Each structure stands twice: as structure tokens, then as C-alpha cells.
>>> print(open('coords_0.pdb').read())   # PDB, C-alpha atoms, pLDDT in the B column
ATOM      1  CA  MET A 722     157.872 211.590  60.369  1.00 44.00           C
ATOM      2  CA  SER A 723     159.893 209.946  63.072  1.00 54.00           C
ATOM      3  CA  LYS A 724     159.397 210.896  66.654  1.00 66.00           C
ATOM      4  CA  ASN A 725     162.269 211.488  69.023  1.00 70.00           C
ATOM      5  CA  ILE A 726     162.648 208.816  71.660  1.00 74.00           C
ATOM      6  CA  CYS A 727     164.118 209.911  74.972  1.00 86.00           C
ATOM      7  CA  LEU A 728     166.479 207.127  76.031  1.00 91.00           C
ATOM      8  CA  PRO A 729     168.642 206.815  79.118  1.00 95.00           C
ATOM      9  CA  ILE A 730     172.272 207.577  78.312  1.00 96.00           C
ATOM     10  CA  PRO A 731     173.491 203.962  78.796  1.00 95.00           C
ATOM     11  CA  ALA A 732     170.807 202.655  76.410  1.00 95.00           C
ATOM     12  CA  ARG A 733     171.653 205.309  73.834  1.00 96.00           C
ATOM     13  CA  SER A 734     175.363 204.508  74.136  1.00 97.00           C
ATOM     14  CA  ALA A 735     174.635 200.803  73.691  1.00 95.00           C
ATOM     15  CA  LEU A 736     172.700 201.465  70.457  1.00 96.00           C
ATOM     16  CA  ILE A 737     175.483 203.676  69.130  1.00 97.00           C
ATOM     17  CA  LYS A 738     178.058 200.982  69.895  1.00 97.00           C
ATOM     18  CA  LEU A 739     175.888 198.284  68.318  1.00 96.00           C
ATOM     19  CA  GLY A 740     175.520 200.423  65.185  1.00 97.00           C
ATOM     20  CA  GLN A 741     179.278 200.978  65.028  1.00 98.00           C
ATOM     21  CA  ASP A 742     179.864 197.247  65.503  1.00 97.00           C
ATOM     22  CA  ILE A 743     177.445 196.432  62.668  1.00 97.00           C
ATOM     23  CA  ASN A 744     179.260 198.956  60.485  1.00 98.00           C
ATOM     24  CA  SER A 745     182.643 197.421  61.314  1.00 98.00           C
ATOM     25  CA  ALA A 746     181.393 193.869  60.723  1.00 97.00           C
ATOM     26  CA  ARG A 747     179.951 194.883  57.349  1.00 97.00           C
ATOM     27  CA  ARG A 748     183.193 196.547  56.262  1.00 98.00           C
ATOM     28  CA  ARG A 749     185.338 193.623  57.493  1.00 98.00           C
ATOM     29  CA  ARG A 750     183.242 191.353  55.269  1.00 97.00           C
ATOM     30  CA  ARG A 751     183.740 193.816  52.382  1.00 98.00           C
ATOM     31  CA  ILE A 752     179.971 194.189  51.937  1.00 98.00           C
ATOM     32  CA  THR A 753     178.752 197.456  50.428  1.00 98.00           C
ATOM     33  CA  LYS A 754     175.861 199.312  52.008  1.00 98.00           C
ATOM     34  CA  ALA A 755     173.753 198.673  48.897  1.00 98.00           C
ATOM     35  CA  LEU A 756     174.359 194.909  48.994  1.00 98.00           C
ATOM     36  CA  MET A 757     173.824 194.712  52.763  1.00 98.00           C
ATOM     37  CA  ALA A 758     170.563 196.654  52.521  1.00 98.00           C
ATOM     38  CA  GLU A 759     169.371 194.429  49.671  1.00 98.00           C
ATOM     39  CA  ARG A 760     170.179 191.230  51.584  1.00 98.00           C
ATOM     40  CA  ALA A 761     168.476 192.563  54.710  1.00 98.00           C
ATOM     41  CA  GLY A 762     165.433 193.719  52.766  1.00 98.00           C
ATOM     42  CA  ILE A 763     165.753 197.292  53.984  1.00 98.00           C
ATOM     43  CA  ALA A 764     166.521 200.661  52.385  1.00 98.00           C
ATOM     44  CA  ILE A 765     170.066 202.015  52.330  1.00 98.00           C
ATOM     45  CA  ASN A 766     168.860 204.951  54.459  1.00 98.00           C
ATOM     46  CA  THR A 767     167.586 202.486  57.076  1.00 98.00           C
ATOM     47  CA  LEU A 768     170.971 200.743  57.148  1.00 98.00           C
ATOM     48  CA  THR A 769     172.664 204.117  57.572  1.00 98.00           C
ATOM     49  CA  ARG A 770     170.373 204.878  60.536  1.00 98.00           C
ATOM     50  CA  ILE A 771     171.180 201.467  62.059  1.00 98.00           C
ATOM     51  CA  GLU A 772     174.914 202.077  61.728  1.00 98.00           C
ATOM     52  CA  ARG A 773     174.451 205.456  63.444  1.00 98.00           C
ATOM     53  CA  GLY A 774     172.539 203.827  66.305  1.00 97.00           C
ATOM     54  CA  ASP A 775     169.236 205.557  65.582  1.00 96.00           C
ATOM     55  CA  PRO A 776     166.691 204.389  68.205  1.00 95.00           C
ATOM     56  CA  ASN A 777     163.792 205.143  65.832  1.00 95.00           C
ATOM     57  CA  THR A 778     164.797 202.282  63.545  1.00 96.00           C
ATOM     58  CA  SER A 779     162.635 199.173  63.911  1.00 96.00           C
ATOM     59  CA  MET A 780     163.841 196.132  65.812  1.00 95.00           C
ATOM     60  CA  ALA A 781     163.102 194.062  62.687  1.00 97.00           C
ATOM     61  CA  ALA A 782     165.568 196.149  60.667  1.00 98.00           C
ATOM     62  CA  TRP A 783     168.275 195.696  63.326  1.00 96.00           C
ATOM     63  CA  ALA A 784     167.569 191.936  63.411  1.00 96.00           C
ATOM     64  CA  SER A 785     167.761 191.706  59.611  1.00 97.00           C
ATOM     65  CA  ALA A 786     171.107 193.493  59.580  1.00 97.00           C
ATOM     66  CA  LEU A 787     172.464 191.139  62.235  1.00 96.00           C
ATOM     67  CA  PHE A 788     171.135 188.135  60.274  1.00 96.00           C
ATOM     68  CA  VAL A 789     172.985 189.194  57.120  1.00 97.00           C
ATOM     69  CA  LEU A 790     176.203 189.374  59.145  1.00 97.00           C
ATOM     70  CA  GLY A 791     175.583 186.004  60.816  1.00 95.00           C
ATOM     71  CA  LEU A 792     175.229 187.589  64.247  1.00 93.00           C
ATOM     72  CA  THR A 793     171.676 186.598  65.188  1.00 92.00           C
ATOM     73  CA  GLU A 794     172.954 184.296  67.941  1.00 88.00           C
ATOM     74  CA  ASN A 795     174.007 187.420  69.846  1.00 80.00           C
ATOM     75  CA  LEU A 796     170.483 188.832  69.443  1.00 84.00           C
ATOM     76  CA  ARG A 797     168.933 185.598  70.715  1.00 83.00           C
ATOM     77  CA  ASP A 798     170.866 185.833  73.998  1.00 84.00           C
ATOM     78  CA  LEU A 799     170.276 189.547  74.555  1.00 84.00           C
ATOM     79  CA  ALA A 800     167.794 189.195  77.419  1.00 85.00           C
ATOM     80  CA  ASP A 801     168.507 185.579  78.368  1.00 87.00           C
ATOM     81  CA  PRO A 802     167.142 185.034  81.910  1.00 86.00           C
ATOM     82  CA  SER A 803     170.200 183.004  82.873  1.00 86.00           C
ATOM     83  CA  ARG A 804     172.357 186.106  82.253  1.00 87.00           C
ATOM     84  CA  ASP A 805     170.056 188.416  84.227  1.00 87.00           C
ATOM     85  CA  THR A 806     172.275 188.808  87.289  1.00 89.00           C
ATOM     86  CA  THR A 807     170.020 191.400  88.921  1.00 88.00           C
ATOM     87  CA  GLY A 808     166.937 189.233  88.480  1.00 86.00           C
ATOM     88  CA  LEU A 809     168.763 186.161  89.754  1.00 86.00           C
ATOM     89  CA  MET A 810     169.980 188.040  92.847  1.00 87.00           C
ATOM     90  CA  LEU A 811     166.475 189.333  93.582  1.00 86.00           C
ATOM     91  CA  GLU A 812     165.048 185.855  93.150  1.00 85.00           C
ATOM     92  CA  GLU A 813     167.644 184.440  95.534  1.00 84.00           C
ATOM     93  CA  GLU A 814     166.807 187.107  98.155  1.00 83.00           C
ATOM     94  CA  ARG A 815     163.173 186.007  98.095  1.00 82.00           C
ATOM     95  CA  LEU A 816     163.969 182.386  98.759  1.00 77.00           C
ATOM     96  CA  PRO A 817     162.753 181.251 102.187  1.00 77.00           C
ATOM     97  CA  LYS A 818     165.369 180.896 104.901  1.00 77.00           C
ATOM     98  CA  ARG A 819     163.948 177.501 105.784  1.00 80.00           C
ATOM     99  CA  VAL A 820     161.217 175.250 104.555  1.00 77.00           C
ATOM    100  CA  ARG A 821     158.611 173.784 106.896  1.00 81.00           C
ATOM    101  CA  TYR A 822     156.319 170.928 106.093  1.00 81.00           C
ATOM    102  CA  LYS A 823     152.703 171.078 107.181  1.00 80.00           C
ATOM    103  CA  ARG A 824     151.846 168.468 109.756  1.00 79.00           C
ATOM    104  CA  GLU A 825     149.117 166.086 108.843  1.00 76.00           C
ATOM    105  CA  THR A 826     146.202 166.309 111.228  1.00 73.00           C
ATOM    106  CA  ASP A 827     144.203 163.306 112.263  1.00 67.00           C
ATOM    107  CA  GLY A 828     140.642 163.703 111.547  1.00 57.00           C
TER     108      GLY A 828
END
>>> encode(input="coords_0.pdb", output="C-alpha cells")
Amino acid sequence: MSKNICLPIPARSALIKLGQDINSARRRRRITKALMAERAGIAINTLTRIERGDPNTSMAAWASALFVLGLTENLRDLADPSRDTTGLMLEEERLPKRVRYKRETDG
């Protein structure tokens, strides 16, 4: 039994697009679903759910599918802090306007 996951629309759209991209990459490489599933170590039904963008499919299954296609580098950079523009902007806002050194006291 899989449970329904309520995702924000942009996240759901991103998974659907990723699934479609995996499907396109598989077909461009002329790899059948059966062969792709075997290489990824997953069931054909799981691959079908990935290609549909099903959010209930495990992250490991998605990663395996990307590995078979040679696309794991994209997965590695998914949440790279150097690409986190919002986080970088927030960090920059918190930087002090000026830096003061503590005076040494005699004593």
C-alpha cells in the first residue's frame, strides 16, 4: 500500500519533468524498460512509476535509474550549497556591516 504524498505544485511538476527526462534519456539510448530495470536493480513497475514522476517511489530507485543513464553527476549537485542562491543571499544579509576588534585592557 502506498500512501499519497501531498506535494507543492512546483515540486510535483519537477518530479514529473524528471520522470519524463529519464524516459527520454532511456529511449534515446535505445534501452528497453526491462533492461533498464534489470540494470538498476528495480522492478519494471518501479521504473514505470519513476518515468511518471510518482513521488512515492524511493530516492534509491530514482538514483539507480539515473546511474544506469550516466546522470548521477546531476543528482550529486541537486542541493549544492554553492547553488543555493536564497541561502547565500540570506547569509550575506546577516554579515556585519563593520567589524570591530576588542581592545586589550591592561591589567
>>> residues_around(input="coords_0.pdb", residues="Ala732 in chain A", least_positions_apart="5", cutoff="12 Å", atoms="only C-alpha atoms", output="list in words")
Ile726, Cys727, Ile737, Lys738, Leu739, Gly774, Asp775 and Pro776 of chain A
>>> closest_residue(input="coords_0.pdb", among="A:Lys818, A:Arg770, A:Arg760, A:Arg824", to="Leu790 in chain A", atoms="only C-alpha atoms")
A:Arg760
>>> closest_residue(input="coords_0.pdb", among="A:Leu736, A:Ala761, A:Gly808, A:Lys823", to="Gly791 in chain A", atoms="all atoms listed in the file")
A:Ala761
>>> residues_around(input="coords_0.pdb", residues="Ala758 in chain A", least_positions_apart="6", cutoff="10 Å", atoms="all atoms listed in the file", output="list in words")
Ile752, Ala764, Ile765, Asn766, Thr767, Leu768, Thr769, Ala782, Ser785, Ala786 and Val789 of chain A
>>> resolve_selection(input="coords_0.pdb", expression="the PyMOL selection byres ((chain A and resi 746) around 12)", output="ChimeraX atom specification")
/A:739-745,747-754,757,772,786-792
>>> closest_residue(input="coords_0.pdb", among="A:Thr793, A:Thr806, A:Thr826, A:Asn725", to="Ala781 in chain A", atoms="only C-alpha atoms")
A:Thr793
